[in-house]
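This is final_37.csv (CSV, C-alpha atoms and all ligand atoms).
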chain,number,residue,atom,x,y,z
U,1,MET,CA,15.0,14.5,-29.1
U,2,ALA,CA,11.7,16.5,-29.2
U,3,LEU,CA,10.9,19.0,-26.5
U,4,THR,CA,7.9,17.0,-25.4
U,5,ASP,CA,9.7,13.6,-25.2
U,6,PRO,CA,9.2,12.1,-21.7
U,7,SER,CA,12.2,11.1,-19.5
U,8,LYS,CA,13.8,7.7,-20.0
U,9,ARG,CA,12.5,6.8,-16.6
U,10,LEU,CA,8.9,7.3,-17.7
U,11,GLU,CA,9.5,5.5,-21.0
U,12,ALA,CA,10.7,2.5,-19.0
U,13,ILE,CA,7.2,1.7,-17.7
U,14,PRO,CA,4.5,0.2,-19.8
U,15,PRO,CA,1.3,2.4,-20.3
U,16,TYR,CA,-0.4,2.3,-17.0
U,17,MET,CA,-2.3,-1.0,-16.9
U,18,PHE,CA,-5.7,0.3,-15.8
U,19,ALA,CA,-5.7,2.9,-18.6
U,20,GLU,CA,-4.8,0.1,-21.0
U,21,LEU,CA,-7.6,-2.1,-19.6
U,22,GLU,CA,-10.1,0.7,-20.0
U,23,ARG,CA,-9.1,1.1,-23.6
U,24,LYS,CA,-9.5,-2.7,-24.3
U,25,VAL,CA,-12.8,-2.8,-22.5
U,26,ALA,CA,-14.2,0.1,-24.5
U,27,ALA,CA,-13.1,-1.6,-27.7
U,28,LYS,CA,-14.8,-4.9,-26.8
U,29,ARG,CA,-18.0,-3.1,-25.7
U,30,ALA,CA,-18.0,-1.2,-29.0
U,31,ALA,CA,-17.8,-4.5,-30.8
U,32,GLY,CA,-21.0,-5.6,-28.9
U,33,ILE,CA,-19.3,-7.9,-26.4
U,34,ASP,CA,-20.7,-8.1,-22.8
U,35,VAL,CA,-17.6,-7.5,-20.8
U,36,ILE,CA,-17.2,-8.1,-17.1
U,37,SER,CA,-14.4,-5.8,-16.0
U,38,LEU,CA,-11.9,-7.1,-13.5
U,39,GLY,CA,-10.0,-3.8,-13.7
U,40,ILE,CA,-10.0,-0.9,-11.3
U,41,GLY,CA,-12.7,-1.4,-8.6
U,42,ASP,CA,-14.8,0.9,-6.4
U,43,PRO,CA,-17.1,-0.2,-3.6
U,44,VAL,CA,-20.7,-0.1,-4.8
U,45,GLU,CA,-22.0,1.3,-1.5
U,46,PRO,CA,-21.5,5.0,-0.7
U,47,THR,CA,-19.4,6.3,2.2
U,48,TYR,CA,-21.2,5.8,5.6
U,49,ASP,CA,-23.5,8.7,6.5
U,50,HIS,CA,-21.9,9.5,9.8
U,51,VAL,CA,-18.5,9.9,8.0
U,52,VAL,CA,-20.0,12.2,5.4
U,53,ARG,CA,-21.7,14.3,8.1
U,54,ALA,CA,-18.4,14.6,10.1
U,55,MET,CA,-16.7,15.7,6.9
U,56,GLN,CA,-19.3,18.4,6.2
U,57,ASP,CA,-18.5,19.9,9.6
U,58,ALA,CA,-14.8,19.4,9.3
U,59,VAL,CA,-14.4,21.3,6.0
U,60,ALA,CA,-16.1,24.3,7.5
U,61,GLN,CA,-13.4,24.6,10.2
U,62,ASN,CA,-10.7,27.1,9.4
U,63,ASP,CA,-8.0,24.9,11.1
U,64,ASN,CA,-8.6,22.2,8.6
U,65,GLN,CA,-8.3,24.6,5.6
U,66,LYS,CA,-4.7,25.3,6.2
U,67,TYR,CA,-1.6,23.3,5.2
U,68,PRO,CA,-1.7,19.9,7.0
U,69,SER,CA,1.0,18.5,9.1
U,70,ASN,CA,3.0,16.0,7.1
U,71,ARG,CA,3.3,13.7,10.2
U,72,GLY,CA,-0.5,14.0,10.8
U,73,ARG,CA,-2.2,15.3,13.8
U,74,SER,CA,-1.8,13.4,17.0
U,75,GLU,CA,-5.5,12.5,17.0
U,76,TYR,CA,-5.0,10.8,13.6
U,77,ARG,CA,-2.0,8.9,14.7
U,78,GLU,CA,-3.6,7.9,18.0
U,79,ALA,CA,-6.8,6.8,16.2
U,80,PHE,CA,-4.8,4.4,14.0
U,81,ALA,CA,-2.7,3.1,16.9
U,82,GLY,CA,-6.0,2.5,18.9
U,83,PHE,CA,-7.5,0.7,15.9
U,84,TYR,CA,-4.4,-1.5,15.5
U,85,GLU,CA,-4.5,-2.4,19.2
U,86,ASP,CA,-8.2,-3.2,19.3
U,87,ARG,CA,-8.5,-4.9,15.9
U,88,PHE,CA,-5.1,-6.7,15.6
U,89,GLY,CA,-3.6,-6.7,19.1
U,90,VAL,CA,-0.6,-4.8,17.7
U,91,GLU,CA,1.0,-2.1,19.8
U,92,ILE,CA,1.9,1.0,17.8
U,93,ASP,CA,3.6,4.0,19.2
U,94,PRO,CA,1.5,7.0,17.9
U,95,GLU,CA,4.6,9.2,18.2
U,96,ASP,CA,6.7,7.6,15.5
U,97,GLU,CA,5.3,4.2,14.4
U,98,VAL,CA,2.5,5.6,12.2
U,99,ILE,CA,1.9,8.6,9.9
U,100,PRO,CA,-0.8,9.4,7.4
U,101,ALA,CA,-0.6,8.6,3.7
U,102,ILE,CA,-2.6,10.1,0.9
U,103,GLY,CA,-4.0,6.7,-0.1
U,104,ALA,CA,-2.0,3.5,-0.2
U,105,LYS,CA,-1.0,4.2,-3.8
U,106,GLU,CA,1.0,7.3,-2.9
U,107,CYS,CA,2.6,5.5,0.0
U,108,ILE,CA,3.6,2.4,-2.0
U,109,TYR,CA,5.0,4.5,-4.8
U,110,ASN,CA,7.0,6.8,-2.6
U,111,LEU,CA,8.5,3.9,-0.6
U,112,SER,CA,10.4,3.0,-3.8
U,113,PHE,CA,11.9,6.4,-3.9
U,114,ALA,CA,12.7,6.3,-0.2
U,115,PHE,CA,14.6,3.0,-0.4
U,116,LEU,CA,15.7,2.1,-3.9
U,117,ASP,CA,18.8,3.2,-5.9
U,118,PRO,CA,19.7,2.2,-9.4
U,119,GLY,CA,20.8,-1.4,-9.4
U,120,ASP,CA,18.6,-2.3,-6.4
U,121,VAL,CA,15.7,-4.7,-6.7
U,122,ALA,CA,12.2,-4.8,-5.4
U,123,LEU,CA,10.4,-8.1,-5.2
U,124,ALA,CA,6.8,-7.7,-6.4
U,125,SER,CA,4.0,-10.1,-5.7
U,126,ASP,CA,2.6,-11.2,-9.1
U,127,PRO,CA,-0.1,-10.8,-10.2
U,128,GLY,CA,-0.3,-7.7,-8.1
U,129,TYR,CA,-1.1,-4.0,-7.8
U,130,PRO,CA,0.7,-2.3,-10.7
U,131,VAL,CA,2.5,0.2,-8.5
U,132,TYR,CA,4.7,-2.7,-7.0
U,133,THR,CA,6.5,-2.7,-10.4
U,134,ALA,CA,5.9,0.9,-11.7
U,135,GLY,CA,7.3,2.4,-8.4
U,136,PRO,CA,10.7,0.6,-8.6
U,137,LEU,CA,11.0,1.3,-12.3
U,138,LEU,CA,10.3,5.0,-12.0
U,139,ALA,CA,12.8,5.1,-9.1
U,140,GLY,CA,15.4,3.7,-11.5
U,141,ALA,CA,15.6,0.3,-9.8
U,142,LYS,CA,14.4,-3.1,-11.0
U,143,ALA,CA,11.2,-5.0,-10.2
U,144,GLU,CA,11.5,-8.8,-10.0
U,145,LEU,CA,8.2,-10.6,-10.0
U,146,LEU,CA,7.4,-13.1,-7.2
U,147,PRO,CA,4.9,-15.4,-8.8
U,148,LEU,CA,2.0,-16.4,-6.5
U,149,VAL,CA,1.8,-20.2,-6.6
U,150,PRO,CA,-1.7,-21.7,-6.5
U,151,GLU,CA,-0.4,-24.9,-4.9
U,152,LEU,CA,1.1,-22.8,-2.1
U,153,GLY,CA,-2.3,-21.0,-1.5
U,154,PHE,CA,-1.2,-18.2,-3.7
U,155,ALA,CA,1.9,-17.4,-1.7
U,156,PRO,CA,5.2,-16.9,-3.5
U,157,ASP,CA,7.9,-19.6,-3.2
U,158,LEU,CA,10.6,-17.7,-1.4
U,159,THR,CA,13.0,-20.6,-1.7
U,160,ALA,CA,12.8,-20.1,-5.5
U,161,VAL,CA,14.2,-16.5,-5.4
U,162,PRO,CA,17.7,-16.7,-6.9
U,163,ALA,CA,20.5,-15.8,-4.5
U,164,ASP,CA,21.8,-12.9,-6.6
U,165,VAL,CA,18.2,-11.4,-6.8
U,166,ALA,CA,17.7,-11.8,-3.0
U,167,SER,CA,21.0,-10.2,-2.3
U,168,ARG,CA,20.2,-7.1,-4.4
U,169,ALA,CA,16.6,-6.9,-3.1
U,170,ARG,CA,15.8,-4.0,-0.7
U,171,LEU,CA,12.0,-4.1,-0.8
U,172,MET,CA,9.3,-6.8,-1.0
U,173,PHE,CA,5.7,-6.0,-1.8
U,174,LEU,CA,3.1,-8.4,-0.5
U,175,ASN,CA,-0.7,-8.1,-0.1
U,176,TYR,CA,-3.2,-10.3,1.8
U,177,PRO,CA,-6.2,-10.6,1.5
U,178,ASN,CA,-4.9,-10.6,-2.0
U,179,ASN,CA,-6.0,-8.6,-5.0
U,180,PRO,CA,-6.6,-10.0,-7.6
U,181,THR,CA,-6.6,-13.7,-6.5
U,182,GLY,CA,-8.9,-13.3,-3.5
U,183,ALA,CA,-6.5,-15.5,-1.5
U,184,VAL,CA,-6.0,-15.0,2.2
U,185,VAL,CA,-2.5,-15.5,3.8
U,186,PRO,CA,-1.6,-19.1,4.1
U,187,GLU,CA,-0.9,-20.3,7.7
U,188,GLY,CA,2.8,-19.7,8.6
U,189,PHE,CA,3.6,-17.6,5.5
U,190,PHE,CA,4.2,-14.3,7.3
U,191,GLU,CA,6.6,-16.1,9.6
U,192,LEU,CA,8.6,-17.3,6.5
U,193,VAL,CA,8.6,-13.7,5.2
U,194,VAL,CA,10.1,-12.3,8.5
U,195,SER,CA,13.0,-14.8,8.4
U,196,PHE,CA,13.6,-14.3,4.7
U,197,ALA,CA,13.6,-10.5,5.2
U,198,ARG,CA,16.0,-10.9,8.1
U,199,GLU,CA,18.3,-13.2,6.2
U,200,HIS,CA,18.5,-10.9,3.1
U,201,GLU,CA,18.0,-7.5,4.8
U,202,ILE,CA,14.9,-6.7,2.9
U,203,LEU,CA,12.2,-4.2,4.0
U,204,VAL,CA,8.8,-5.8,3.8
U,205,VAL,CA,5.9,-3.6,2.6
U,206,HIS,CA,2.6,-5.3,3.4
U,207,ASP,CA,-0.2,-3.7,1.5
U,208,ASN,CA,-3.2,-4.2,3.7
U,209,ALA,CA,-6.0,-2.8,1.5
U,210,TYR,CA,-8.5,-5.6,2.3
U,211,SER,CA,-8.3,-6.8,6.0
U,212,GLU,CA,-11.8,-5.3,6.6
U,213,THR,CA,-13.3,-6.7,3.4
U,214,THR,CA,-13.7,-10.4,4.3
U,215,PHE,CA,-16.6,-12.8,4.5
U,216,ASP,CA,-17.8,-16.2,5.8
U,217,GLY,CA,-16.4,-15.3,9.3
U,218,TYR,CA,-12.8,-15.1,8.2
U,219,VAL,CA,-10.9,-12.4,10.1
U,220,ALA,CA,-7.7,-11.2,8.4
U,221,PRO,CA,-4.6,-10.7,10.4
U,222,SER,CA,-2.2,-7.8,10.1
U,223,PHE,CA,1.4,-8.6,9.0
U,224,LEU,CA,2.5,-6.6,12.0
U,225,GLN,CA,1.0,-9.4,14.3
U,226,THR,CA,3.8,-11.7,13.2
U,227,LEU,CA,6.7,-12.1,15.7
U,228,GLY,CA,9.6,-9.9,14.5
U,229,ALA,CA,7.5,-8.1,11.8
U,230,MET,CA,8.1,-4.6,13.3
U,231,ASP,CA,11.9,-5.1,12.9
U,232,VAL,CA,11.7,-5.8,9.2
U,233,GLY,CA,8.5,-4.3,7.9
U,234,VAL,CA,5.8,-1.7,7.5
U,235,GLU,CA,2.1,-2.1,6.7
U,236,VAL,CA,0.0,0.3,4.6
U,237,PHE,CA,-3.6,0.4,5.8
U,238,SER,CA,-6.1,2.1,3.6
U,239,LEU,CA,-9.7,3.1,4.3
U,240,SER,CA,-10.5,3.0,0.6
U,241,LYS,CA,-12.1,-0.4,0.2
U,242,GLY,CA,-13.1,-1.4,3.7
U,243,TYR,CA,-14.9,1.8,4.5
U,244,ASN,CA,-16.2,2.8,1.0
U,245,MET,CA,-13.8,5.8,0.9
U,246,THR,CA,-11.8,5.4,-2.3
U,247,GLY,CA,-12.1,9.1,-3.2
U,248,TRP,CA,-11.0,10.4,0.2
U,249,ARG,CA,-7.4,9.3,-0.2
U,250,CYS,CA,-7.2,8.2,3.5
U,251,ALA,CA,-4.5,5.8,4.6
U,252,ALA,CA,-1.6,5.3,7.0
U,253,ILE,CA,1.7,3.6,7.1
U,254,LEU,CA,2.5,1.7,10.4
U,255,GLY,CA,5.4,-0.4,11.7
U,256,ASN,CA,9.1,0.0,11.7
U,257,ARG,CA,9.9,3.5,13.0
U,258,ASP,CA,13.2,4.0,11.1
U,259,ALA,CA,11.5,3.0,7.8
U,260,ILE,CA,8.6,5.4,8.5
U,261,ALA,CA,11.2,8.2,9.3
U,262,SER,CA,12.7,7.7,5.8
U,263,TYR,CA,9.3,7.7,4.1
U,264,TRP,CA,8.4,10.9,6.0
U,265,ARG,CA,11.7,12.5,5.0
U,266,LEU,CA,11.0,11.8,1.4
U,267,LYS,CA,7.4,12.9,1.7
U,268,THR,CA,8.2,16.3,3.1
U,269,ASN,CA,9.9,17.0,-0.2
U,270,VAL,CA,7.1,15.7,-2.4
U,271,ASP,CA,3.6,16.5,-1.0
U,272,SER,CA,2.1,18.6,1.7
U,273,GLY,CA,0.1,16.0,3.6
U,274,LEU,CA,-3.4,14.7,3.8
U,275,PHE,CA,-6.3,17.2,3.9
U,276,GLU,CA,-6.9,17.5,7.6
U,277,ALA,CA,-10.6,17.6,7.3
U,278,VAL,CA,-10.3,13.9,6.2
U,301,LIG,C1,-7.3,-0.5,-4.2
U,301,LIG,C2,-5.9,-1.0,-3.9
U,301,LIG,C3,-4.9,-0.1,-3.4
U,301,LIG,C4,-5.1,1.4,-3.5
U,301,LIG,O1,-5.6,1.9,-2.3
U,301,LIG,P1,-5.7,3.5,-2.1
U,301,LIG,O2,-5.6,3.7,-0.6
U,301,LIG,O3,-7.1,3.9,-2.7
U,301,LIG,O4,-4.6,4.2,-2.9
U,301,LIG,C5,-3.7,-0.6,-3.0
U,301,LIG,N1,-3.5,-1.9,-3.1
U,301,LIG,C6,-4.4,-2.8,-3.5
U,301,LIG,C7,-4.0,-4.2,-3.5
U,301,LIG,C8,-5.6,-2.4,-3.9
U,301,LIG,O5,-6.5,-3.2,-4.4
Would you mind writing the structure in this file as structure tokens?
Amino acid sequence: MALTDPSKRLEAIPPYMFAELERKVAAKRAAGIDVISLGIGDPVEPTYDHVVRAMQDAVAQNDNQKYPSNRGRSEYREAFAGFYEDRFGVEIDPEDEVIPAIGAKECIYNLSFAFLDPGDVALASDPGYPVYTAGPLLAGAKAELLPLVPELGFAPDLTAVPADVASRARLMFLNYPNNPTGAVVPEGFFELVVSFAREHEILVVHDNAYSETTFDGYVAPSFLQTLGAMDVGVEVFSLSKGYNMTGWRCAAILGNRDAIASYWRLKTNVDSGLFEAV
């Protein structure tokens, strides 16, 4: 073994898909082909002016230049709780049902480390955000793909999950409005998810990156609106896409308080929180 060989854990994951896509796109472009990239996406519009101005003030304040609180300031937690109440009619206790995340990516990744052991399984919506599979693999667990079925409105067929897979599953990653299919959650699907999660004791992680990025009058729900969802799940809400803030790394995890406590416990060992100016 060479001194620069990566760990077996790192060897277990394919080269990060977006990096691989970039390489392929560059090769096609070099060959003179006009490529439309469906790879990593950034909003075209800049961050709103009032947000940028508030940030300019915030970075100048000495309080914000210190180590952040890993649980987030109460204003931050209260702002998310207030938003969930107004926007989704979901009641969130700002004390322990919400904490900041340094982007949805960090949160989704670290949830695998908070909940999976070797031999455990995470169910990953497929096609889906690459971290739904890379996170479990890096944590030494397995990722089982949950194919999105066009005939079911791009929902997975939960009845098709083999019993031995369901019994080893500890996490399930879902995402609506969905990237990359653009599908919105089919009527009644979140209810099926709650009963499936109850039956098999699986923690649901709903990646809500796009609820504020809809059109034609469609208003996306939160998974947490579903009856019983707070018992079996968490939702990751990100400002990246909906608020043109991909570079700011501003997100939160909301929902089941025990799950959030474990995520927080892991996180205090891994990072030092979200820049409080944000
Ligand atoms: C962009 C995207 C993310 C990443 O969000 P960040 O908050 O910027 O880390 C997560 N999930 C999906 C489905 C996305 O499209």
**Prompt:** Please, what distance in Å, to one decimal, runs between CA of Thr268 (chain U) and atom C1 of ligand LIG 301 (chain U)?
**Reply:**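 A separation of 24.0 Å between them.
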**Message:** Excluding Glu201 (chain U) and its own-chain neighbours fewer than 2 positions away, which residues fall within 12 Å of it when counting only C-alpha atoms? Please give them as number ranges by chain.
**Reply:** U: 166-172, 193-199, 203-204, 231-233
**Request:** Write as a PyMOL selection string the residues around ligand LIG 301 (chain U), taking 9 Å as the cut-off and counting all atoms listed in the file.
**Result:** chain U and resi 40-42+101-108+128-131+174-180+207-210+236-241+245-252
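Across the model, the gap from CA of Leu192 (chain U) to CA of Thr159 (chain U) is 9.9 Å.
Take CA of Gln225 (chain U) and CA of Val90 (chain U): the distance between them is 5.9 Å.
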**Request:** Determine, counting only C-alpha atoms, which protein, DNA and RNA residues have an atom within 7 Å of an atom of Glu144 (chain U); residues of the same chain fewer than 2 positions away are not included. Present the result as an MDAnalysis selection string.
**Result:** chainID U and resid 121:124 142 146
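If only C-alpha atoms are the atoms counted, then among U:Lys267, U:His200, U:His206, U:Arg9 the closest residue to Phe173 (chain U) is U:His206.
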Can you patch up region 69-98 of chain U, filling it in to N, CA and C atoms, and show the result as a short mmCIF file (atom, residue, chain, number, x, y, z; two decimals), in the coordinates of the input?
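Wrote it out as out-v3.cif, contents follow:
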data_model
loop_
_atom_site.label_atom_id
_atom_site.label_comp_id
_atom_site.auth_asym_id
_atom_site.auth_seq_id
_atom_site.Cartn_x
_atom_site.Cartn_y
_atom_site.Cartn_z
N SER U 69 -0.28 18.97 8.63
CA SER U 69 1.00 18.50 9.10
C SER U 69 1.37 17.25 8.38
N ASN U 70 2.62 17.18 7.90
CA ASN U 70 3.00 16.00 7.10
C ASN U 70 3.06 14.73 7.99
N ARG U 71 3.25 14.91 9.29
CA ARG U 71 3.30 13.70 10.20
C ARG U 71 1.87 13.38 10.65
N GLY U 72 0.89 14.22 10.31
CA GLY U 72 -0.50 14.00 10.80
C GLY U 72 -0.68 14.48 12.15
N ARG U 73 -1.93 14.84 12.44
CA ARG U 73 -2.20 15.30 13.80
C ARG U 73 -2.14 14.12 14.77
N SER U 74 -1.89 14.46 16.03
CA SER U 74 -1.80 13.40 17.00
C SER U 74 -3.08 12.58 17.10
N GLU U 75 -4.25 13.24 16.93
CA GLU U 75 -5.50 12.50 17.00
C GLU U 75 -5.56 11.42 15.90
N TYR U 76 -5.04 11.77 14.73
CA TYR U 76 -5.00 10.80 13.60
C TYR U 76 -4.15 9.63 13.92
N ARG U 77 -2.94 9.94 14.39
CA ARG U 77 -2.00 8.90 14.70
C ARG U 77 -2.49 8.00 15.84
N GLU U 78 -3.10 8.66 16.84
CA GLU U 78 -3.60 7.90 18.00
C GLU U 78 -4.83 7.03 17.57
N ALA U 79 -5.64 7.54 16.65
CA ALA U 79 -6.80 6.80 16.20
C ALA U 79 -6.33 5.48 15.49
N PHE U 80 -5.30 5.59 14.66
CA PHE U 80 -4.80 4.40 14.00
C PHE U 80 -4.14 3.44 14.98
N ALA U 81 -3.38 4.00 15.92
CA ALA U 81 -2.70 3.10 16.90
C ALA U 81 -3.81 2.41 17.73
N GLY U 82 -4.88 3.12 18.11
CA GLY U 82 -6.00 2.50 18.90
C GLY U 82 -6.66 1.41 18.06
N PHE U 83 -6.87 1.67 16.79
CA PHE U 83 -7.50 0.70 15.90
C PHE U 83 -6.62 -0.57 15.81
N TYR U 84 -5.32 -0.38 15.63
CA TYR U 84 -4.40 -1.50 15.50
C TYR U 84 -4.37 -2.37 16.79
N GLU U 85 -4.48 -1.69 17.92
CA GLU U 85 -4.50 -2.40 19.20
C GLU U 85 -5.79 -3.22 19.33
N ASP U 86 -6.94 -2.55 19.09
CA ASP U 86 -8.20 -3.20 19.30
C ASP U 86 -8.45 -4.32 18.23
N ARG U 87 -8.12 -4.03 17.01
CA ARG U 87 -8.50 -4.90 15.90
C ARG U 87 -7.44 -6.06 15.75
N PHE U 88 -6.15 -5.74 15.90
CA PHE U 88 -5.10 -6.70 15.60
C PHE U 88 -4.28 -7.11 16.83
N GLY U 89 -4.47 -6.40 17.95
CA GLY U 89 -3.60 -6.70 19.10
C GLY U 89 -2.18 -6.23 18.87
N VAL U 90 -1.99 -5.24 17.98
CA VAL U 90 -0.60 -4.80 17.70
C VAL U 90 -0.41 -3.44 18.36
N GLU U 91 0.69 -3.34 19.08
CA GLU U 91 1.00 -2.10 19.80
C GLU U 91 1.81 -1.18 18.89
N ILE U 92 1.25 0.00 18.64
CA ILE U 92 1.90 1.00 17.80
C ILE U 92 2.12 2.25 18.58
N ASP U 93 3.33 2.77 18.56
CA ASP U 93 3.60 4.00 19.20
C ASP U 93 3.11 5.18 18.34
N PRO U 94 2.07 5.91 18.78
CA PRO U 94 1.50 7.00 17.90
C PRO U 94 2.50 8.07 17.61
N GLU U 95 3.58 8.15 18.38
CA GLU U 95 4.60 9.20 18.20
C GLU U 95 5.35 8.97 16.85
N ASP U 96 5.84 7.73 16.65
CA ASP U 96 6.70 7.60 15.50
C ASP U 96 6.58 6.21 14.77
N GLU U 97 5.51 5.48 15.08
CA GLU U 97 5.30 4.20 14.40
C GLU U 97 4.08 4.27 13.43
N VAL U 98 3.58 5.46 13.18
CA VAL U 98 2.50 5.60 12.20
C VAL U 98 2.43 7.07 11.74
#
